[in-house]
>>> print(open('work22.tsv').read())   # TSV, C-alpha atoms and all ligand atoms
chain	number	residue	atom	x	y	z
D	1	MET	CA	-18.22	13.29	-34.67
D	2	ASP	CA	-15.45	11.75	-36.77
D	3	GLY	CA	-12.34	10.82	-34.90
D	4	MET	CA	-13.80	11.71	-31.52
D	5	LYS	CA	-13.04	9.12	-28.94
D	6	SER	CA	-13.91	9.16	-25.30
D	7	PRO	CA	-10.69	9.99	-23.45
D	8	ALA	CA	-8.75	6.94	-22.31
D	9	THR	CA	-9.10	6.65	-18.57
D	10	ALA	CA	-5.96	6.32	-16.50
D	11	PRO	CA	-5.28	2.96	-14.84
D	12	VAL	CA	-6.28	2.45	-11.22
D	13	LEU	CA	-4.72	-0.55	-9.50
D	14	ILE	CA	-5.16	-1.69	-5.93
D	15	LEU	CA	-2.60	-3.72	-3.98
D	16	LEU	CA	-4.17	-5.78	-1.21
D	17	GLY	CA	-2.33	-7.78	1.42
D	18	PRO	CA	-1.41	-7.79	5.11
D	19	PRO	CA	1.20	-5.49	6.64
D	20	GLY	CA	4.64	-6.61	5.48
D	21	ALA	CA	3.35	-8.36	2.35
D	22	GLY	CA	5.55	-6.11	0.22
D	23	LYS	CA	2.88	-3.72	-1.10
D	24	GLY	CA	5.13	-0.67	-0.76
D	25	THR	CA	8.15	-2.37	-2.33
D	26	GLN	CA	6.14	-3.71	-5.25
D	27	ALA	CA	4.21	-0.44	-5.73
D	28	ARG	CA	7.51	1.44	-6.13
D	29	ILE	CA	8.69	-1.07	-8.74
D	30	LEU	CA	5.39	-0.76	-10.67
D	31	GLU	CA	5.61	3.01	-10.47
D	32	GLU	CA	8.86	2.89	-12.45
D	33	LYS	CA	7.89	0.13	-14.87
D	34	PHE	CA	4.48	1.54	-15.81
D	35	GLY	CA	4.83	5.27	-15.16
D	36	LEU	CA	2.14	5.21	-12.51
D	37	VAL	CA	1.91	7.08	-9.21
D	38	GLN	CA	2.09	5.15	-5.94
D	39	LEU	CA	-0.44	6.36	-3.37
D	40	SER	CA	0.26	4.97	0.08
D	41	THR	CA	-2.24	6.04	2.72
D	42	GLY	CA	0.31	4.92	5.36
D	43	ASP	CA	2.86	7.39	3.92
D	44	LEU	CA	0.23	10.14	3.59
D	45	LEU	CA	-0.83	9.60	7.21
D	46	ARG	CA	2.77	9.55	8.48
D	47	ALA	CA	3.36	12.83	6.60
D	48	ALA	CA	0.23	14.31	8.25
D	49	VAL	CA	1.49	13.17	11.67
D	50	SER	CA	4.93	14.76	11.06
D	51	ALA	CA	3.37	17.97	9.78
D	52	GLY	CA	1.10	18.10	12.84
D	53	THR	CA	-2.11	18.68	10.83
D	54	GLU	CA	-5.52	18.17	12.49
D	55	ALA	CA	-5.90	14.79	10.74
D	56	GLY	CA	-2.35	13.85	11.78
D	57	LYS	CA	-3.05	14.66	15.42
D	58	ARG	CA	-6.13	12.45	15.37
D	59	ALA	CA	-4.34	9.61	13.55
D	60	LYS	CA	-1.12	9.41	15.62
D	61	ALA	CA	-2.25	7.35	18.63
D	62	VAL	CA	-4.46	5.12	16.48
D	63	MET	CA	-1.51	4.23	14.24
D	64	GLU	CA	0.80	3.63	17.18
D	65	ALA	CA	-1.74	1.14	18.57
D	66	GLY	CA	-1.89	-0.68	15.22
D	67	ASP	CA	-5.57	0.12	14.70
D	68	LEU	CA	-7.16	1.57	11.59
D	69	VAL	CA	-7.53	5.33	11.29
D	70	SER	CA	-11.17	6.40	10.78
D	71	ASP	CA	-12.63	6.00	7.29
D	72	GLU	CA	-13.58	9.69	7.31
D	73	ILE	CA	-9.97	10.88	7.75
D	74	VAL	CA	-8.43	8.40	5.33
D	75	ILE	CA	-11.03	8.96	2.59
D	76	ALA	CA	-10.56	12.75	2.85
D	77	ILE	CA	-6.76	12.43	2.59
D	78	LEU	CA	-7.02	10.06	-0.38
D	79	ARG	CA	-9.60	12.22	-2.17
D	80	ASP	CA	-7.33	15.29	-1.93
D	81	ARG	CA	-4.30	13.36	-3.13
D	82	LEU	CA	-6.18	11.82	-6.09
D	83	ALA	CA	-7.19	15.31	-7.22
D	84	GLU	CA	-3.53	16.33	-7.72
D	85	PRO	CA	-2.48	16.55	-11.40
D	86	ASP	CA	0.20	13.81	-11.34
D	87	CYS	CA	-2.50	11.21	-10.60
D	88	ALA	CA	-3.81	11.67	-14.15
D	89	LYS	CA	-1.02	9.25	-15.20
D	90	GLY	CA	-2.74	6.47	-13.29
D	91	VAL	CA	-2.32	5.24	-9.74
D	92	ILE	CA	-1.37	2.24	-7.66
D	93	LEU	CA	-3.17	2.30	-4.35
D	94	ASP	CA	-1.06	0.81	-1.57
D	95	GLY	CA	-2.87	0.45	1.76
D	96	PHE	CA	-6.21	1.77	0.51
D	97	PRO	CA	-8.98	0.67	0.64
D	98	ARG	CA	-8.72	-1.16	3.95
D	99	THR	CA	-12.43	-1.39	4.80
D	100	THR	CA	-15.61	-1.99	2.83
D	101	VAL	CA	-16.69	1.61	3.50
D	102	GLN	CA	-13.43	2.83	1.92
D	103	ALA	CA	-13.88	0.49	-1.07
D	104	GLU	CA	-17.37	1.85	-1.69
D	105	ALA	CA	-16.15	5.44	-1.30
D	106	LEU	CA	-13.42	4.73	-3.86
D	107	ASP	CA	-15.94	3.33	-6.36
D	108	THR	CA	-18.06	6.48	-5.97
D	109	LEU	CA	-15.07	8.79	-6.25
D	110	LEU	CA	-13.84	7.12	-9.44
D	111	ALA	CA	-17.33	6.99	-10.97
D	112	GLU	CA	-17.55	10.79	-10.59
D	113	SER	CA	-14.71	11.11	-13.11
D	114	GLY	CA	-15.85	8.24	-15.33
D	115	GLN	CA	-13.19	5.88	-13.99
D	116	GLN	CA	-13.14	2.48	-12.42
D	117	ILE	CA	-10.50	0.16	-11.04
D	118	ASN	CA	-8.57	-2.04	-13.47
D	119	ALA	CA	-7.63	-4.70	-10.91
D	120	ALA	CA	-7.32	-5.42	-7.20
D	121	ILE	CA	-4.22	-7.54	-6.74
D	122	SER	CA	-3.91	-9.58	-3.58
D	123	LEU	CA	-0.36	-10.39	-2.42
D	124	GLU	CA	-0.77	-13.70	-0.66
D	125	VAL	CA	1.49	-14.45	2.30
D	126	ASP	CA	1.24	-16.09	5.73
D	127	ASP	CA	1.05	-14.36	9.08
D	128	ALA	CA	4.06	-16.04	10.71
D	129	GLU	CA	6.34	-14.75	7.97
D	130	MET	CA	4.89	-11.24	8.34
D	131	VAL	CA	5.94	-10.88	11.96
D	132	THR	CA	9.51	-11.92	11.12
D	133	ARG	CA	9.68	-9.61	8.11
D	134	ILE	CA	8.33	-6.56	9.90
D	135	SER	CA	10.50	-6.90	12.98
D	136	GLY	CA	13.57	-7.02	10.72
D	137	ARG	CA	12.92	-3.93	8.60
D	138	PHE	CA	14.69	-0.62	9.06
D	139	THR	CA	14.97	2.59	7.07
D	140	CYS	CA	17.94	4.91	6.94
D	141	GLY	CA	17.91	7.90	9.28
D	142	THR	CA	20.71	9.55	7.28
D	143	CYS	CA	19.58	9.49	3.63
D	144	GLY	CA	15.93	8.54	4.30
D	145	GLU	CA	15.98	6.29	1.22
D	146	GLY	CA	17.96	3.22	2.09
D	147	TYR	CA	16.35	0.20	3.46
D	148	HIS	CA	17.74	-2.68	5.34
D	149	ASP	CA	16.19	-5.97	6.17
D	150	THR	CA	17.99	-8.02	8.82
D	151	PHE	CA	15.91	-11.01	7.82
D	152	LYS	CA	17.07	-11.08	4.20
D	153	ALA	CA	20.66	-9.89	4.76
D	154	PRO	CA	21.69	-10.49	8.38
D	155	GLU	CA	25.37	-9.89	7.57
D	156	LYS	CA	24.64	-6.25	6.71
D	157	ALA	CA	22.71	-5.50	9.90
D	158	GLY	CA	22.54	-1.81	10.76
D	159	VAL	CA	24.06	-0.50	7.51
D	160	CYS	CA	22.13	1.43	4.85
D	161	ASP	CA	22.27	-0.20	1.39
D	162	LYS	CA	22.17	3.22	-0.35
D	163	CYS	CA	24.54	5.53	1.55
D	164	GLY	CA	26.35	3.24	3.99
D	165	GLY	CA	24.94	5.24	6.94
D	166	THR	CA	24.56	3.46	10.26
D	167	GLU	CA	21.59	5.37	11.73
D	168	MET	CA	18.99	2.78	10.84
D	169	LYS	CA	15.53	3.43	12.34
D	170	ARG	CA	12.52	1.27	12.85
D	171	ARG	CA	9.07	2.66	12.06
D	172	ALA	CA	7.20	3.56	15.27
D	173	ASP	CA	4.57	0.86	14.66
D	174	ASP	CA	6.98	-1.93	13.61
D	175	ASN	CA	7.16	-3.67	16.99
D	176	ALA	CA	5.82	-7.12	17.87
D	177	GLU	CA	2.84	-5.87	19.89
D	178	THR	CA	1.61	-3.40	17.28
D	179	VAL	CA	2.23	-5.85	14.45
D	180	ALA	CA	-0.17	-8.31	16.12
D	181	SER	CA	-2.89	-5.62	16.22
D	182	ARG	CA	-2.22	-4.67	12.61
D	183	LEU	CA	-2.58	-8.29	11.48
D	184	GLU	CA	-5.79	-8.57	13.49
D	185	ALA	CA	-7.17	-5.40	11.87
D	186	TYR	CA	-6.19	-6.81	8.49
D	187	HIS	CA	-8.08	-10.08	8.98
D	188	ALA	CA	-11.16	-8.47	10.51
D	189	GLN	CA	-11.52	-5.38	8.34
D	190	THR	CA	-9.44	-5.67	5.16
D	191	ALA	CA	-9.50	-9.36	4.19
D	192	PRO	CA	-13.26	-9.11	3.36
D	193	LEU	CA	-12.23	-6.91	0.41
D	194	ILE	CA	-10.87	-10.02	-1.28
D	195	THR	CA	-14.48	-11.20	-1.59
D	196	TYR	CA	-15.66	-7.67	-2.46
D	197	TYR	CA	-13.35	-7.48	-5.48
D	198	GLY	CA	-13.77	-11.17	-6.29
D	199	ASP	CA	-17.52	-10.58	-6.66
D	200	LYS	CA	-16.83	-7.73	-9.07
D	201	GLY	CA	-14.54	-9.94	-11.16
D	202	ALA	CA	-11.61	-7.58	-10.48
D	203	LEU	CA	-9.50	-9.78	-8.18
D	204	GLN	CA	-6.09	-11.20	-9.07
D	205	ARG	CA	-4.12	-13.29	-6.59
D	206	ILE	CA	-0.32	-13.47	-6.55
D	207	PRO	CA	1.71	-15.74	-4.26
D	208	ALA	CA	4.07	-13.33	-2.49
D	209	MET	CA	6.33	-15.44	-0.27
D	210	GLY	CA	9.23	-15.59	-2.76
D	211	ALA	CA	11.96	-13.21	-3.91
D	212	ILE	CA	11.10	-9.57	-4.65
D	213	ASP	CA	12.05	-9.77	-8.34
D	214	GLU	CA	10.10	-13.00	-8.92
D	215	ILE	CA	7.01	-11.44	-7.41
D	216	SER	CA	7.45	-8.22	-9.36
D	217	ALA	CA	7.77	-10.16	-12.62
D	218	GLU	CA	4.45	-11.92	-11.92
D	219	LEU	CA	2.88	-8.66	-10.90
D	220	ALA	CA	4.06	-6.91	-14.06
D	221	LYS	CA	2.34	-9.56	-16.20
D	222	VAL	CA	-0.94	-9.09	-14.32
D	223	VAL	CA	-0.70	-5.29	-14.51
D	224	ALA	CA	0.15	-5.31	-18.23
D	225	LYS	CA	-2.95	-7.39	-18.90
D	226	ALA	CA	-5.22	-5.37	-16.63
D	227	THR	CA	-4.17	-2.06	-18.18
D	228	ALA	CA	-4.05	-3.18	-21.83
D	301	LIG	N1	-6.65	2.93	4.38
D	301	LIG	C1	-6.39	3.04	5.70
D	301	LIG	N2	-7.40	3.06	6.60
D	301	LIG	C2	-7.17	3.18	7.91
D	301	LIG	N3	-5.95	3.28	8.46
D	301	LIG	C3	-4.89	3.27	7.61
D	301	LIG	C4	-5.05	3.16	6.19
D	301	LIG	N4	-3.82	3.18	5.62
D	301	LIG	C5	-2.93	3.28	6.61
D	301	LIG	N5	-3.56	3.34	7.81
D	301	LIG	C6	-2.91	3.48	9.16
D	301	LIG	O1	-1.50	3.57	8.98
D	301	LIG	C7	-0.82	2.44	9.56
D	301	LIG	C8	0.38	2.05	8.68
D	301	LIG	O2	-0.06	1.67	7.41
D	301	LIG	P1	0.94	1.21	6.24
D	301	LIG	O3	2.03	2.19	6.09
D	301	LIG	O4	0.10	0.89	5.05
D	301	LIG	O5	1.65	-0.09	6.80
D	301	LIG	P2	1.33	-1.63	6.83
D	301	LIG	O6	0.65	-2.04	5.56
D	301	LIG	O7	2.70	-2.21	6.97
D	301	LIG	O8	0.48	-1.81	8.05
D	301	LIG	C9	-1.90	1.37	9.70
D	301	LIG	O9	-1.60	0.44	10.73
D	301	LIG	C10	-3.13	2.24	10.03
D	301	LIG	O10	-3.12	2.69	11.38
>>> encode(input="work22.tsv", output="structure tokens", more="lines below")
Ligand SMILES: Nc1ncnc2c1ncn2[C@@H]1O[C@H](COP(=O)(O)OP(=O)(O)O)[C@@H](O)[C@H]1O
Amino acid sequence: MDGMKSPATAPVLILLGPPGAGKGTQARILEEKFGLVQLSTGDLLRAAVSAGTEAGKRAKAVMEAGDLVSDEIVIAILRDRLAEPDCAKGVILDGFPRTTVQAEALDTLLAESGQQINAAISLEVDDAEMVTRISGRFTCGTCGEGYHDTFKAPEKAGVCDKCGGTEMKRRADDNAETVASRLEAYHAQTAPLITYYGDKGALQRIPAMGAIDEISAELAKVVAKATA
């Protein structure tokens, strides 16, 4: 029929990288720049734990140990979230997939609605830096929004950058012992996805050891190209 086009599919981007690589920070920047929705399975799981849902109860101890929550739970949570109307704008997946089983489930899920991923972007950093970064990060217990990083701004230790509050809290799993397990889980279970997406021709690598705005500028170029 004249003028009939197949509907444009919404962008689907994946951010890959170890804990502390800056996936969450960069996903929030991309959300604003490109009008996309950030989907963080870590945030969704923490919300399930706080709400005390069945999935949350099963996930709590696993997360505190720095291990990966079962594929079954995470895939179910992600599937439900993706079905919400705001995701029609396009999504940035932050922290998902983290295993090959999850990557395959995502491909199947997207194929059901005629979609596929635009790019899997790997934020490349080294492990030693990750431990330092994670042990220095705090969020604000007063406004819940502010963020403070003792590593980047030691002079402002303990003070929220948004509201000036002084009740800074560390995430339950941001301690040296758990961080080591999270890095181990990353190398054993998630790093193979770099090859998975490389083989599909969907992988983009970005050096991510520098300043947040330099990395986000690089990332924006890659995203603009992948979603054009
Ligand atoms: N896709 C996933 N599969 C399995 N477990 C997950 C997944 N996403 C998050 N988690 C769980 O939530 C924890 C926190 O994840 P996240 O907030 O992404 O932080 P980080 O990337 O800093 O480790 C992980 O250590 C893991 O236990």
>>> atom_distance(input="work22.tsv", atom1="CA of Cys163 in chain D", atom2="atom O8 of ligand LIG 301 (chain D)")
26.0 Å
>>> atom_distance(input="work22.tsv", atom1="CA of Thr100 in chain D", atom2="atom O3 of ligand LIG 301 (chain D)")
18.4 Å
>>> residues_around(input="work22.tsv", residues="range 73-87 of chain D", least_positions_apart="5", cutoff="10 Å", atoms="all atoms listed in the file", output="number ranges by chain")
D: 10-12, 36-42, 44-45, 48, 54-56, 58-59, 68, 92-93, 96-98, 101-103, 105-106, 109-110
>>> closest_residue(input="work22.tsv", among="D:Leu183, D:Cys140, D:Ile117, D:Leu219", to="ligand LIG 301 (chain D)", atoms="only C-alpha atoms and all ligand atoms")
D:Leu183
>>> closest_residue(input="work22.tsv", among="D:Glu184, D:Asp213, D:Glu155, D:Glu167", to="ligand LIG 301 (chain D)", atoms="all atoms listed in the file")
D:Glu184
>>> decode(input="work22.tsv", residues="range 158-183 of chain D", atoms="N, CA, C and O atoms", output="JSON list (two decimals), in the first residue's frame")
[["chain", "number", "residue", "atom", "x", "y", "z"],
["D", 158, "GLY", "N", 31.53, 12.98, 52.59],
["D", 158, "GLY", "CA", 30.40, 12.92, 53.51],
["D", 158, "GLY", "C", 29.31, 13.95, 53.26],
["D", 158, "GLY", "O", 28.34, 14.01, 54.02],
["D", 159, "VAL", "N", 29.43, 14.78, 52.20],
["D", 159, "VAL", "CA", 28.42, 15.80, 51.96],
["D", 159, "VAL", "C", 27.76, 15.58, 50.59],
["D", 159, "VAL", "O", 28.44, 15.41, 49.58],
["D", 160, "CYS", "N", 26.43, 15.60, 50.59],
["D", 160, "CYS", "CA", 25.69, 15.38, 49.34],
["D", 160, "CYS", "C", 25.87, 16.55, 48.38],
["D", 160, "CYS", "O", 25.73, 17.72, 48.78],
["D", 161, "ASP", "N", 26.12, 16.27, 47.11],
["D", 161, "ASP", "CA", 26.34, 17.33, 46.12],
["D", 161, "ASP", "C", 25.02, 17.99, 45.70],
["D", 161, "ASP", "O", 25.01, 19.05, 45.11],
["D", 162, "LYS", "N", 23.89, 17.36, 46.01],
["D", 162, "LYS", "CA", 22.59, 17.94, 45.59],
["D", 162, "LYS", "C", 21.96, 18.77, 46.71],
["D", 162, "LYS", "O", 21.55, 19.89, 46.50],
["D", 163, "CYS", "N", 21.86, 18.19, 47.93],
["D", 163, "CYS", "CA", 21.10, 18.90, 48.97],
["D", 163, "CYS", "C", 21.97, 19.32, 50.16],
["D", 163, "CYS", "O", 21.47, 19.95, 51.08],
["D", 164, "GLY", "N", 23.24, 18.96, 50.15],
["D", 164, "GLY", "CA", 24.12, 19.34, 51.25],
["D", 164, "GLY", "C", 23.96, 18.47, 52.49],
["D", 164, "GLY", "O", 24.60, 18.69, 53.51],
["D", 165, "GLY", "N", 23.07, 17.45, 52.40],
["D", 165, "GLY", "CA", 22.85, 16.53, 53.52],
["D", 165, "GLY", "C", 24.12, 15.78, 53.89],
["D", 165, "GLY", "O", 25.05, 15.66, 53.07],
["D", 166, "THR", "N", 24.17, 15.29, 55.11],
["D", 166, "THR", "CA", 25.40, 14.62, 55.56],
["D", 166, "THR", "C", 25.14, 13.16, 55.94],
["D", 166, "THR", "O", 25.95, 12.54, 56.62],
["D", 167, "GLU", "N", 23.98, 12.62, 55.50],
["D", 167, "GLU", "CA", 23.67, 11.22, 55.81],
["D", 167, "GLU", "C", 24.03, 10.35, 54.60],
["D", 167, "GLU", "O", 23.16, 9.74, 53.99],
["D", 168, "MET", "N", 25.30, 10.33, 54.25],
["D", 168, "MET", "CA", 25.68, 9.57, 53.07],
["D", 168, "MET", "C", 25.74, 8.08, 53.41],
["D", 168, "MET", "O", 26.24, 7.69, 54.46],
["D", 169, "LYS", "N", 25.19, 7.24, 52.49],
["D", 169, "LYS", "CA", 25.13, 5.80, 52.75],
["D", 169, "LYS", "C", 25.85, 5.03, 51.65],
["D", 169, "LYS", "O", 25.82, 5.42, 50.49],
["D", 170, "ARG", "N", 26.41, 3.92, 52.05],
["D", 170, "ARG", "CA", 27.04, 3.06, 51.06],
["D", 170, "ARG", "C", 26.06, 1.94, 50.71],
["D", 170, "ARG", "O", 25.34, 1.46, 51.58],
["D", 171, "ARG", "N", 26.04, 1.54, 49.45],
["D", 171, "ARG", "CA", 25.17, 0.42, 49.07],
["D", 171, "ARG", "C", 25.62, -0.83, 49.81],
["D", 171, "ARG", "O", 26.81, -1.01, 50.03],
["D", 172, "ALA", "N", 24.66, -1.70, 50.18],
["D", 172, "ALA", "CA", 24.99, -2.87, 51.02],
["D", 172, "ALA", "C", 26.10, -3.73, 50.42],
["D", 172, "ALA", "O", 26.89, -4.33, 51.15],
["D", 173, "ASP", "N", 26.17, -3.78, 49.08],
["D", 173, "ASP", "CA", 27.17, -4.67, 48.46],
["D", 173, "ASP", "C", 28.43, -3.93, 48.02],
["D", 173, "ASP", "O", 29.29, -4.50, 47.36],
["D", 174, "ASP", "N", 28.58, -2.66, 48.40],
["D", 174, "ASP", "CA", 29.79, -1.91, 48.03],
["D", 174, "ASP", "C", 30.87, -2.01, 49.11],
["D", 174, "ASP", "O", 31.36, -1.00, 49.60],
["D", 175, "ASN", "N", 31.25, -3.22, 49.48],
["D", 175, "ASN", "CA", 32.37, -3.37, 50.42],
["D", 175, "ASN", "C", 33.42, -4.26, 49.76],
["D", 175, "ASN", "O", 33.11, -5.01, 48.82],
["D", 176, "ALA", "N", 34.66, -4.16, 50.22],
["D", 176, "ALA", "CA", 35.79, -4.78, 49.52],
["D", 176, "ALA", "C", 35.57, -6.27, 49.22],
["D", 176, "ALA", "O", 35.83, -6.74, 48.11],
["D", 177, "GLU", "N", 35.01, -6.99, 50.20],
["D", 177, "GLU", "CA", 34.84, -8.44, 50.03],
["D", 177, "GLU", "C", 33.84, -8.76, 48.91],
["D", 177, "GLU", "O", 34.10, -9.57, 48.03],
["D", 178, "THR", "N", 32.70, -8.07, 48.96],
["D", 178, "THR", "CA", 31.66, -8.31, 47.95],
["D", 178, "THR", "C", 32.10, -7.83, 46.58],
["D", 178, "THR", "O", 31.80, -8.46, 45.56],
["D", 179, "VAL", "N", 32.84, -6.73, 46.55],
["D", 179, "VAL", "CA", 33.32, -6.22, 45.26],
["D", 179, "VAL", "C", 34.19, -7.26, 44.57],
["D", 179, "VAL", "O", 34.09, -7.48, 43.36],
["D", 180, "ALA", "N", 35.04, -7.96, 45.35],
["D", 180, "ALA", "CA", 35.90, -8.99, 44.75],
["D", 180, "ALA", "C", 35.04, -10.09, 44.12],
["D", 180, "ALA", "O", 35.30, -10.52, 42.99],
["D", 181, "SER", "N", 33.97, -10.51, 44.79],
["D", 181, "SER", "CA", 33.08, -11.53, 44.21],
["D", 181, "SER", "C", 32.37, -11.01, 42.97],
["D", 181, "SER", "O", 32.18, -11.73, 41.99],
["D", 182, "ARG", "N", 31.99, -9.73, 43.01],
["D", 182, "ARG", "CA", 31.28, -9.18, 41.85],
["D", 182, "ARG", "C", 32.20, -9.11, 40.64],
["D", 182, "ARG", "O", 31.78, -9.37, 39.51],
["D", 183, "LEU", "N", 33.47, -8.76, 40.87],
["D", 183, "LEU", "CA", 34.42, -8.72, 39.75],
["D", 183, "LEU", "C", 34.65, -10.13, 39.20],
["D", 183, "LEU", "O", 34.75, -10.33, 37.99]]
